[in-house]
Every structure is written in C-alpha cells, then in structure tokens.
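For reference, protein16.cif is printed below; it contains mmCIF, C-alpha atoms.
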```cif
data_input
loop_
_atom_site.group_PDB
_atom_site.id
_atom_site.type_symbol
_atom_site.label_atom_id
_atom_site.label_comp_id
_atom_site.auth_asym_id
_atom_site.auth_seq_id
_atom_site.Cartn_x
_atom_site.Cartn_y
_atom_site.Cartn_z
ATOM 1 C CA MET C 168 -57.000 -29.468 36.018
ATOM 2 C CA GLN C 169 -58.988 -28.004 38.856
ATOM 3 C CA THR C 170 -60.982 -25.808 36.508
ATOM 4 C CA TYR C 171 -61.760 -28.750 34.249
ATOM 5 C CA LEU C 172 -62.825 -30.893 37.200
ATOM 6 C CA VAL C 173 -65.006 -28.138 38.628
ATOM 7 C CA HIS C 174 -66.749 -27.527 35.303
ATOM 8 C CA THR C 175 -67.306 -31.214 34.654
ATOM 9 C CA ARG C 176 -68.481 -32.062 38.161
ATOM 10 C CA GLN C 177 -72.070 -32.248 36.930
ATOM 11 C CA PRO C 178 -71.741 -33.258 33.275
ATOM 12 C CA ILE C 179 -75.482 -33.562 32.528
ATOM 13 C CA ARG C 180 -76.175 -30.101 33.935
ATOM 14 C CA LEU C 181 -73.227 -28.707 31.995
ATOM 15 C CA LEU C 182 -74.517 -30.346 28.804
ATOM 16 C CA ARG C 183 -77.927 -28.709 29.299
ATOM 17 C CA GLU C 184 -76.346 -25.309 29.970
ATOM 18 C CA LEU C 185 -73.851 -25.362 27.088
ATOM 19 C CA GLY C 186 -75.543 -27.485 24.468
ATOM 20 C CA LEU C 187 -73.926 -30.479 22.797
ATOM 21 C CA ARG C 188 -71.546 -28.561 20.522
ATOM 22 C CA GLN C 189 -70.021 -26.338 23.212
ATOM 23 C CA TRP C 190 -69.990 -29.189 25.742
ATOM 24 C CA ALA C 191 -68.013 -31.365 23.317
ATOM 25 C CA GLY C 192 -65.748 -28.410 22.497
ATOM 26 C CA LEU C 193 -64.972 -27.920 26.180
ATOM 27 C CA HIS C 194 -63.957 -31.563 26.547
ATOM 28 C CA VAL C 195 -61.941 -31.626 23.341
ATOM 29 C CA LEU C 196 -60.110 -28.392 24.154
ATOM 30 C CA MET C 197 -59.542 -28.616 27.908
ATOM 31 C CA GLY C 198 -59.409 -32.396 28.135
ATOM 32 C CA GLY C 199 -57.220 -32.590 25.049
ATOM 33 C CA ILE C 200 -54.745 -30.063 26.420
ATOM 34 C CA LEU C 201 -54.488 -31.912 29.725
ATOM 35 C CA LEU C 202 -54.146 -35.264 27.991
ATOM 36 C CA SER C 203 -51.478 -34.039 25.578
ATOM 37 C CA VAL C 204 -49.489 -32.430 28.399
ATOM 38 C CA LEU C 205 -49.467 -35.729 30.292
ATOM 39 C CA MET C 206 -48.840 -37.963 27.245
ATOM 40 C CA HIS C 207 -46.020 -35.931 25.669
ATOM 41 C CA PRO C 208 -43.157 -37.341 27.772
ATOM 42 C CA LEU C 209 -44.551 -40.845 27.323
ATOM 43 C CA SER C 210 -44.038 -40.531 23.571
ATOM 44 C CA TYR C 211 -40.368 -39.751 24.204
ATOM 45 C CA LEU C 212 -40.115 -42.756 26.508
ATOM 46 C CA LEU C 213 -41.675 -44.983 23.862
ATOM 47 C CA LEU C 214 -39.247 -43.674 21.237
ATOM 48 C CA ALA C 215 -36.313 -44.260 23.588
ATOM 49 C CA PHE C 216 -37.550 -47.776 24.361
ATOM 50 C CA GLU C 217 -37.908 -48.614 20.672
ATOM 51 C CA ALA C 218 -34.460 -47.157 19.927
ATOM 52 C CA ALA C 219 -32.857 -49.069 22.817
ATOM 53 C CA ASN C 220 -34.345 -52.326 21.503
ATOM 54 C CA GLY C 221 -33.219 -51.591 17.946
ATOM 55 C CA ARG C 222 -36.782 -51.447 16.632
ATOM 56 C CA LEU C 223 -37.130 -47.697 16.061
ATOM 57 C CA PHE C 224 -36.954 -47.866 12.280
ATOM 58 C CA ASP C 225 -38.341 -51.374 11.825
ATOM 59 C CA GLU C 226 -41.231 -51.682 9.451
ATOM 60 C CA PRO C 227 -44.509 -52.340 11.322
ATOM 61 C CA GLY C 228 -46.141 -55.781 10.988
ATOM 62 C CA GLY C 229 -49.534 -55.490 9.283
ATOM 63 C CA HIS C 230 -51.213 -52.936 7.051
ATOM 64 C CA LEU C 231 -53.078 -51.312 9.932
ATOM 65 C CA GLN C 232 -49.891 -50.988 11.996
ATOM 66 C CA HIS C 233 -48.083 -49.550 8.976
ATOM 67 C CA TRP C 234 -50.829 -46.980 8.416
ATOM 68 C CA LEU C 235 -50.983 -46.044 12.120
ATOM 69 C CA TRP C 236 -47.199 -45.704 12.260
ATOM 70 C CA TRP C 237 -47.213 -43.192 9.405
ATOM 71 C CA VAL C 238 -50.141 -41.282 10.936
ATOM 72 C CA ALA C 239 -48.215 -41.043 14.219
ATOM 73 C CA VAL C 240 -45.035 -39.877 12.462
ATOM 74 C CA PHE C 241 -47.008 -37.289 10.491
ATOM 75 C CA ASN C 242 -48.808 -36.025 13.615
ATOM 76 C CA LEU C 243 -45.582 -35.687 15.555
ATOM 77 C CA GLY C 244 -43.775 -33.921 12.723
ATOM 78 C CA ALA C 245 -46.691 -31.705 11.724
ATOM 79 C CA GLY C 246 -47.378 -30.769 15.346
ATOM 80 C CA TYR C 247 -43.827 -29.695 16.023
ATOM 81 C CA ALA C 248 -43.417 -28.006 12.643
ATOM 82 C CA SER C 249 -46.655 -26.020 12.796
ATOM 83 C CA ALA C 250 -46.023 -24.804 16.341
ATOM 84 C CA MET C 251 -42.469 -23.804 15.467
ATOM 85 C CA ILE C 252 -43.506 -22.016 12.279
ATOM 86 C CA VAL C 253 -46.167 -20.046 14.159
ATOM 87 C CA ALA C 254 -43.624 -19.086 16.829
ATOM 88 C CA VAL C 255 -41.078 -17.930 14.224
ATOM 89 C CA LEU C 256 -43.712 -15.917 12.358
ATOM 90 C CA ALA C 257 -44.881 -14.293 15.594
ATOM 91 C CA ALA C 258 -41.311 -13.300 16.494
ATOM 92 C CA VAL C 259 -40.589 -11.907 13.025
ATOM 93 C CA ARG C 260 -43.871 -9.978 12.815
ATOM 94 C CA ARG C 261 -43.147 -8.361 16.164
ATOM 95 C CA GLY C 262 -39.734 -7.274 14.952
ATOM 96 C CA ARG C 263 -37.952 -9.793 17.174
ATOM 97 C CA SER C 264 -36.433 -12.102 14.563
ATOM 98 C CA ASP C 265 -33.467 -12.509 16.923
ATOM 99 C CA LEU C 266 -35.727 -14.798 18.975
ATOM 100 C CA ALA C 267 -36.473 -17.125 16.044
ATOM 101 C CA PRO C 268 -33.580 -19.574 16.664
ATOM 102 C CA TYR C 269 -34.910 -20.248 20.164
ATOM 103 C CA VAL C 270 -37.871 -22.017 18.594
ATOM 104 C CA LEU C 271 -35.620 -25.079 18.465
ATOM 105 C CA LEU C 272 -35.957 -25.265 22.254
ATOM 106 C CA MET C 273 -39.726 -25.768 21.984
ATOM 107 C CA PRO C 274 -39.544 -29.545 22.620
ATOM 108 C CA VAL C 275 -37.656 -28.850 25.866
ATOM 109 C CA TYR C 276 -40.241 -26.235 26.813
ATOM 110 C CA TRP C 277 -43.062 -28.703 26.161
ATOM 111 C CA LEU C 278 -41.345 -31.291 28.340
ATOM 112 C CA LEU C 279 -41.109 -28.732 31.135
ATOM 113 C CA ILE C 280 -44.836 -28.084 30.749
ATOM 114 C CA SER C 281 -45.398 -31.843 31.040
ATOM 115 C CA PHE C 282 -43.361 -32.040 34.218
ATOM 116 C CA ALA C 283 -45.424 -29.162 35.607
ATOM 117 C CA GLY C 284 -48.565 -31.057 34.571
ATOM 118 C CA TYR C 285 -47.479 -34.175 36.448
ATOM 119 C CA ARG C 286 -46.586 -32.056 39.455
ATOM 120 C CA ALA C 287 -50.051 -30.512 39.330
ATOM 121 C CA LEU C 288 -51.652 -33.948 39.024
ATOM 122 C CA ILE C 289 -49.756 -35.208 42.080
ATOM 123 C CA GLN C 290 -50.647 -32.081 44.047
ATOM 124 C CA LEU C 291 -54.279 -32.447 43.001
ATOM 125 C CA ALA C 292 -54.297 -36.001 44.342
ATOM 126 C CA ARG C 293 -52.436 -35.225 47.570
ATOM 127 C CA ALA C 294 -53.755 -31.751 48.410
ATOM 128 C CA PRO C 295 -56.777 -30.934 46.232
ATOM 129 C CA HIS C 296 -57.435 -27.601 47.929
ATOM 130 C CA LEU C 297 -53.856 -26.325 47.633
ATOM 131 C CA TRP C 298 -53.490 -23.282 45.419
ATOM 132 C CA GLU C 299 -49.989 -22.005 44.814
ATOM 133 C CA LYS C 300 -50.301 -18.368 43.926
ATOM 134 C CA THR C 301 -47.614 -16.052 42.645
ATOM 135 C CA GLN C 302 -46.953 -13.196 45.047
ATOM 136 C CA HIS C 303 -47.361 -9.942 43.169
ATOM 137 C CA GLY C 304 -45.684 -6.798 44.390
ATOM 138 C CA ALA C 305 -43.315 -8.682 46.735
ATOM 139 C CA VAL C 306 -40.315 -6.719 45.415
ATOM 140 C CA LEU C 307 -42.048 -3.427 46.108
ATOM 141 C CA ARG C 308 -42.926 -4.467 49.666
ATOM 142 C CA ARG C 309 -39.303 -5.358 50.483
ATOM 143 C CA ARG C 310 -38.084 -1.903 49.458
#
```
Mind turning the file's structure into structure tokens?
Amino acid sequence: MQTYLVHTRQPIRLLRELGLRQWAGLHVLMGGILLSVLMHPLSYLLLAFEAANGRLFDEPGGHLQHWLWWVAVFNLGAGYASAMIVAVLAAVRRGRSDLAPYVLLMPVYWLLISFAGYRALIQLARAPHLWEKTQHGAVLRRR
C-alpha cells in the first residue's frame, strides 16, 4: 500500500515517465491486487448474508442481474480453480506432490492475506510512517 501510494503521489508525472500503457498496467496490477485483497472477505460476508436470508440460490430478478450473477459465479469459480490448479502443478513439477492436498486450504490462506491487508490499511491510517521489519539473524545473535 505504501509503495502504491508513493508511486502514485504525482500521477501526471508518473504518466509522463511511464507512458499510458505502463501507467495503466501499474494501476491495474498494484491497485487490483490491493482491491482484491480488501474485497475478498466482503464476498464471503455477502454470501453468508444471502444464505442467512434464504436468497443464496434464488434466481436474480432481471436479465442484467441474471447475467451479472452468472459472471460473478464464473469469476469466483474460475479464480479459485485456476489458482489451485497452478499450485498443484507447481508442487507436482517440483517433486512435492505430497503438498497438493493442501491446495484446498487456499481460501483460508487468502482470507489471512485479507486480514493482513486490513491490518496494513489501519496501520497506514494510524501510523503512516511505521514500518514493521522482520529481524534477520536474531537467532544467531542470541547464541
């Protein structure tokens, strides 16, 4: 978040330096990642709300709602499926097929990333100059 904010502090200057294509790519990639991290748990909340109200599998009202509903279902399913397939293939190709079943935990992992994203957003608002760094070599220093 800090990196994105720093790079987009002067958007016109950045546009001149990068050109339109790379400028748009930066926003789509970095902005999209940040947005998806923050929106992911909200999709679960919406699903839970719809399920609690008994409307989860109701047919949407108009044609546009029907079309958007199927696009959303496809995006959710295709997103999870493609990420899981890539993870399984990576594990198998590295000779670690024993790790493949853990791909089913990916939704939990993504939720944890979202919680970290919200924590970062709160820290950015409360203490924008805070930088939590991992201490490297701390084990060696204790010995």
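Here the PyMOL selection byres ((chain C and resi 205-218) around 10) matches the residues Gly199, Ile200, Leu201, Leu202, Ser203, Val204, Ala219, Asn220, Gly221, Arg222, Leu223, Phe224, Asp225, Leu243, Pro274, Trp277, Leu278, Leu279, Ile280, Ser281, Phe282, Ala283, Gly284, Tyr285 and Leu288 of chain C.
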Problem - Point-to-point distance from CA of Ile252 (chain C) to CA of Val270 (chain C), Å rounded to tenths - result: 8.5 Å
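Between CA of Gly246 (chain C) and CA of Met168 (chain C) lies a distance of 22.8 Å.
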Exercise for the section: Name the residues in contact with Leu193 (chain C) at a cut-off of 12 Å, using only C-alpha atoms, excluding same-chain residues fewer than 3 positions from it; report them as a PyMOL selection string. Expected result: chain C and resi 170-172+174-175+178+181-182+185-190+196-201
Save out the residues we just selected, C-alpha atoms, as an mmCIF file, in the coordinates of the input.
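Below you can see again.cif, which holds the result:
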```cif
data_model
loop_
_atom_site.group_PDB
_atom_site.id
_atom_site.type_symbol
_atom_site.label_atom_id
_atom_site.label_comp_id
_atom_site.auth_asym_id
_atom_site.auth_seq_id
_atom_site.Cartn_x
_atom_site.Cartn_y
_atom_site.Cartn_z
ATOM 1 C CA THR C 170 -60.982 -25.808 36.508
ATOM 2 C CA TYR C 171 -61.760 -28.750 34.249
ATOM 3 C CA LEU C 172 -62.825 -30.893 37.200
ATOM 4 C CA HIS C 174 -66.749 -27.527 35.303
ATOM 5 C CA THR C 175 -67.306 -31.214 34.654
ATOM 6 C CA PRO C 178 -71.741 -33.258 33.275
ATOM 7 C CA LEU C 181 -73.227 -28.707 31.995
ATOM 8 C CA LEU C 182 -74.517 -30.346 28.804
ATOM 9 C CA LEU C 185 -73.851 -25.362 27.088
ATOM 10 C CA GLY C 186 -75.543 -27.485 24.468
ATOM 11 C CA LEU C 187 -73.926 -30.479 22.797
ATOM 12 C CA ARG C 188 -71.546 -28.561 20.522
ATOM 13 C CA GLN C 189 -70.021 -26.338 23.212
ATOM 14 C CA TRP C 190 -69.990 -29.189 25.742
ATOM 15 C CA LEU C 196 -60.110 -28.392 24.154
ATOM 16 C CA MET C 197 -59.542 -28.616 27.908
ATOM 17 C CA GLY C 198 -59.409 -32.396 28.135
ATOM 18 C CA GLY C 199 -57.220 -32.590 25.049
ATOM 19 C CA ILE C 200 -54.745 -30.063 26.420
ATOM 20 C CA LEU C 201 -54.488 -31.912 29.725
#
```
Problem - Computed interatomic separation between CA of Arg293 (chain C) and CA of Arg176 (chain C) (Å) - result: 18.9 Å
Repair of region 265-286 of chain C at the level of N, CA and C atoms, as a compact mmCIF listing (two decimals), in the coordinates of the input:
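Generated file (result.txt):
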```
# COMPACT_ATOMS: atom_id res chain seq x y z
N ASP C 265 -34.59 -11.96 16.16
CA ASP C 265 -33.47 -12.51 16.92
C ASP C 265 -33.91 -13.65 17.84
N LEU C 266 -35.20 -13.73 18.12
CA LEU C 266 -35.73 -14.80 18.98
C LEU C 266 -36.04 -16.08 18.20
N ALA C 267 -36.07 -15.99 16.87
CA ALA C 267 -36.47 -17.12 16.04
C ALA C 267 -35.65 -18.39 16.29
N PRO C 268 -34.33 -18.33 16.45
CA PRO C 268 -33.58 -19.57 16.66
C PRO C 268 -33.98 -20.32 17.94
N TYR C 269 -34.52 -19.61 18.91
CA TYR C 269 -34.91 -20.25 20.16
C TYR C 269 -36.11 -21.17 20.01
N VAL C 270 -36.75 -21.13 18.85
CA VAL C 270 -37.87 -22.02 18.59
C VAL C 270 -37.41 -23.48 18.64
N LEU C 271 -36.15 -23.71 18.41
CA LEU C 271 -35.62 -25.08 18.46
C LEU C 271 -35.66 -25.66 19.88
N LEU C 272 -35.85 -24.81 20.87
CA LEU C 272 -35.96 -25.26 22.25
C LEU C 272 -37.40 -25.64 22.63
N MET C 273 -38.32 -25.50 21.68
CA MET C 273 -39.73 -25.77 21.98
C MET C 273 -39.97 -27.18 22.53
N PRO C 274 -39.33 -28.22 22.01
CA PRO C 274 -39.54 -29.54 22.62
C PRO C 274 -39.14 -29.60 24.10
N VAL C 275 -38.08 -28.90 24.46
CA VAL C 275 -37.66 -28.85 25.87
C VAL C 275 -38.71 -28.11 26.69
N TYR C 276 -39.21 -27.02 26.14
CA TYR C 276 -40.24 -26.24 26.81
C TYR C 276 -41.49 -27.09 27.04
N TRP C 277 -41.89 -27.85 26.03
CA TRP C 277 -43.06 -28.70 26.16
C TRP C 277 -42.84 -29.80 27.19
N LEU C 278 -41.63 -30.30 27.29
CA LEU C 278 -41.34 -31.29 28.34
C LEU C 278 -41.45 -30.66 29.73
N LEU C 279 -40.98 -29.43 29.85
CA LEU C 279 -41.11 -28.73 31.14
C LEU C 279 -42.57 -28.52 31.50
N ILE C 280 -43.40 -28.21 30.50
CA ILE C 280 -44.84 -28.08 30.75
C ILE C 280 -45.40 -29.42 31.22
N SER C 281 -44.93 -30.51 30.63
CA SER C 281 -45.40 -31.84 31.04
C SER C 281 -45.00 -32.15 32.47
N PHE C 282 -43.78 -31.81 32.83
CA PHE C 282 -43.36 -32.04 34.22
C PHE C 282 -44.21 -31.21 35.18
N ALA C 283 -44.54 -29.99 34.78
CA ALA C 283 -45.42 -29.16 35.61
C ALA C 283 -46.82 -29.79 35.68
N GLY C 284 -47.26 -30.38 34.58
CA GLY C 284 -48.56 -31.06 34.57
C GLY C 284 -48.60 -32.24 35.51
N TYR C 285 -47.53 -33.03 35.52
CA TYR C 285 -47.48 -34.17 36.45
C TYR C 285 -47.39 -33.69 37.89
N ARG C 286 -46.67 -32.62 38.11
CA ARG C 286 -46.59 -32.06 39.46
C ARG C 286 -47.97 -31.60 39.91
```
